[in-house]
Amino acid sequence: MWAIVLSTGVHIVDSNTGAFFTVQIIRDISSLRQAIFSLRCDGGRIALVPTMGALHDGHMSLVREAKRHADHVVTSIFVNPKQFGPKEDLSAYPRQEEQDAVMLEGEGVAILWAPGVDEIYPDGFSTTVSVTGVSEGLCGGARPGHFDGVATVVTKLFNQVQPDVALFGEKDYQQLAVIRRFVTDLDMPLEIVGVPTARAEDGLALSSRNAYLSSDERARAAELPRAMREAIAAMEAGSAVDQSLDALHARITNAGFGPVDYAELRDAASLRPMTMLDRPARLLVAARMGTTRLIDNMPVKSGS
Ligand code: PAF
């Protein structure tokens, strides 16, 4: 198998069979519309997997799931400046488009939608999609404006690609709740599918930001999912929610996590804070290992 990477697409030639595949790389909206029109002429459903690139197995699990829901998969790569705060890692965010394109090609993705910033936010751009309620607290509290940026760009991506279904990782659980909310509120005609978090063997949730961790930090980071599982087991066995969260906080701080942005139990659907485990819940944590902010979340079952 070898790959020829051109600015317009990646062509893969299977050296055994001679088979030739291609993923189209598109950077402007009018070419995207034509390409989507051609896919639609073939019939079948279109799935969109929005990403910011630096693809890993977690993204690939979204793409593989997308193939189960649709006949054609479009993946977008756009590092969206509107969802980064002024002190966040926008310029340092990992960018590796060629490698990403080869990975997408290997999964049979039809289109890689990779617009530049000016294509998404041309001069004069003045519209914001803003969701209240589920966007409040958690990452919305720690990263003001973040979910406005996400909701605005995802709305644009939906309008550009017009998919039948779009897939998002449950790793960004609050993001998924925000997206489900505006899709319902704005009567958008597509299905949203949440895909369970892909994890490394030691349990750490896969994330493009894991690339920032030193090997020592990476090893210590695995304490986060372990401590979360322990807290969940305690709460499900009847321990008080606040004590279990305090123990979780202490355990990850001992493991070398710095400021803990939040470690909270929330209602699994509405994301309202919970102090008692009396309905299906979600444990959500964000904490810094060195300078890297890691997030994770897991389901919590209630006995009642
Ligand atoms: O989850 C992400 O990678 C981003 O927030 C998304 C949904 C692609 C919007 O920029």
# chains A, B, ... in the order shown; residues from 1 in each chain; ligands from 1
call {"tool": "residues_around", "arguments": {"residues": "stretch 32-37 of chain A", "least_positions_apart": "6", "cutoff": "12 Å", "atoms": "only C-alpha atoms", "output": "MDAnalysis selection string"}}
result
chainID A and resid 23:26 43:48 72:76 110:115 119 157 159:164
call {"tool": "write_last_selection", "arguments": {"atoms": "C-alpha atoms", "output": "mmCIF file, in the first residue's frame"}}
result
data_model
loop_
_atom_site.group_PDB
_atom_site.id
_atom_site.type_symbol
_atom_site.label_atom_id
_atom_site.label_comp_id
_atom_site.auth_asym_id
_atom_site.auth_seq_id
_atom_site.Cartn_x
_atom_site.Cartn_y
_atom_site.Cartn_z
ATOM 1 C CA VAL A 23 -10.282 11.013 -0.801
ATOM 2 C CA GLN A 24 -11.033 14.456 -2.211
ATOM 3 C CA ILE A 25 -9.576 17.328 -0.200
ATOM 4 C CA ILE A 26 -11.821 20.381 -0.629
ATOM 5 C CA GLY A 43 -28.087 8.231 -3.691
ATOM 6 C CA GLY A 44 -27.535 7.068 -0.147
ATOM 7 C CA ARG A 45 -27.021 8.845 3.132
ATOM 8 C CA ILE A 46 -24.226 11.265 3.980
ATOM 9 C CA ALA A 47 -22.520 11.268 7.402
ATOM 10 C CA LEU A 48 -20.400 14.123 8.703
ATOM 11 C CA HIS A 72 -20.734 8.322 2.203
ATOM 12 C CA VAL A 73 -18.590 9.845 4.937
ATOM 13 C CA VAL A 74 -17.415 13.454 4.917
ATOM 14 C CA THR A 75 -14.851 14.463 7.554
ATOM 15 C CA SER A 76 -14.086 18.097 8.274
ATOM 16 C CA ALA A 110 -15.193 10.353 0.410
ATOM 17 C CA ILE A 111 -14.444 14.004 1.196
ATOM 18 C CA LEU A 112 -12.052 15.795 3.500
ATOM 19 C CA TRP A 113 -13.526 19.275 4.017
ATOM 20 C CA ALA A 114 -10.550 21.393 5.081
ATOM 21 C CA PRO A 115 -11.470 25.072 4.731
ATOM 22 C CA GLU A 119 -13.614 30.550 4.134
ATOM 23 C CA LEU A 157 -20.551 22.812 8.995
ATOM 24 C CA ASN A 159 -25.301 24.004 6.586
ATOM 25 C CA GLN A 160 -22.291 23.479 4.325
ATOM 26 C CA VAL A 161 -22.331 19.657 4.181
ATOM 27 C CA GLN A 162 -26.072 19.101 4.844
ATOM 28 C CA PRO A 163 -25.487 15.618 6.267
ATOM 29 C CA ASP A 164 -28.207 13.129 7.186
#
call {"tool": "residues_around", "arguments": {"residues": "stretch 173-175 of chain A", "least_positions_apart": "4", "cutoff": "8 Å", "atoms": "only C-alpha atoms", "output": "list in words"}}
result
Val134, Ser135, Leu138, Cys139, Phe147, Val150, Gly169, Ile179, Leu271 and Asn297 of chain A
call {"tool": "write_last_selection", "arguments": {"atoms": "N, CA and C atoms", "output": "PDB file, in the first residue's frame"}}
result
ATOM      1  N   VAL A 134     -27.505  23.817  29.108  1.00  0.00           N
ATOM      2  CA  VAL A 134     -26.488  22.732  29.101  1.00  0.00           C
ATOM      3  C   VAL A 134     -25.072  23.252  28.900  1.00  0.00           C
ATOM      4  N   SER A 135     -24.938  24.469  28.384  1.00  0.00           N
ATOM      5  CA  SER A 135     -23.585  25.000  28.143  1.00  0.00           C
ATOM      6  C   SER A 135     -23.003  25.662  29.398  1.00  0.00           C
ATOM      7  N   LEU A 138     -19.156  23.571  34.146  1.00  0.00           N
ATOM      8  CA  LEU A 138     -18.213  22.601  33.556  1.00  0.00           C
ATOM      9  C   LEU A 138     -17.262  23.334  32.597  1.00  0.00           C
ATOM     10  N   CYS A 139     -17.124  22.802  31.352  1.00  0.00           N
ATOM     11  CA  CYS A 139     -16.201  23.474  30.414  1.00  0.00           C
ATOM     12  C   CYS A 139     -16.708  24.862  30.020  1.00  0.00           C
ATOM     13  N   PHE A 147     -18.400  27.311  24.055  1.00  0.00           N
ATOM     14  CA  PHE A 147     -19.512  26.614  23.397  1.00  0.00           C
ATOM     15  C   PHE A 147     -20.229  27.481  22.368  1.00  0.00           C
ATOM     16  N   VAL A 150     -18.179  26.642  19.415  1.00  0.00           N
ATOM     17  CA  VAL A 150     -18.487  25.296  18.908  1.00  0.00           C
ATOM     18  C   VAL A 150     -19.835  25.310  18.182  1.00  0.00           C
ATOM     19  N   GLY A 169     -17.895  12.439  19.540  1.00  0.00           N
ATOM     20  CA  GLY A 169     -17.439  11.577  20.624  1.00  0.00           C
ATOM     21  C   GLY A 169     -18.099  11.967  21.939  1.00  0.00           C
ATOM     22  N   ILE A 179     -24.759  20.427  21.255  1.00  0.00           N
ATOM     23  CA  ILE A 179     -25.103  20.207  19.838  1.00  0.00           C
ATOM     24  C   ILE A 179     -26.507  19.611  19.717  1.00  0.00           C
ATOM     25  N   LEU A 271     -27.812  17.638  32.266  1.00  0.00           N
ATOM     26  CA  LEU A 271     -26.533  18.138  32.807  1.00  0.00           C
ATOM     27  C   LEU A 271     -26.735  19.044  34.017  1.00  0.00           C
ATOM     28  N   ASN A 297     -15.227  11.807  31.121  1.00  0.00           N
ATOM     29  CA  ASN A 297     -16.537  11.633  31.756  1.00  0.00           C
ATOM     30  C   ASN A 297     -16.950  10.183  31.616  1.00  0.00           C
TER      31      ASN A 297
END
call {"tool": "select_by_dssp", "arguments": {"residues": "stretch 138-300 of chain A", "states": "alpha helix (DSSP H)", "output": "PyMOL selection string"}}
result
chain A and resi 138-142+146-161+173-185+215-221+223-236+241-254
call {"tool": "residues_near_ligand", "arguments": {"ligand": "ligand 1", "cutoff": "8 Å", "atoms": "only C-alpha atoms and all ligand atoms", "output": "list in words"}}
result
Val49, Pro50, Thr51, Met52, Gly53, Ser76, Ile77, Phe78, Val79, Asn80, Gln83, Gly149, Val150, Ala151, Val153, Val154, Phe168, Gly169, Asp172 and Gln175 of chain A
call {"tool": "closest_residue", "arguments": {"among": "A:Val165, A:Leu55, A:Leu62, A:Ala233", "to": "A:Gln96", "atoms": "only C-alpha atoms"}}
result
A:Leu55
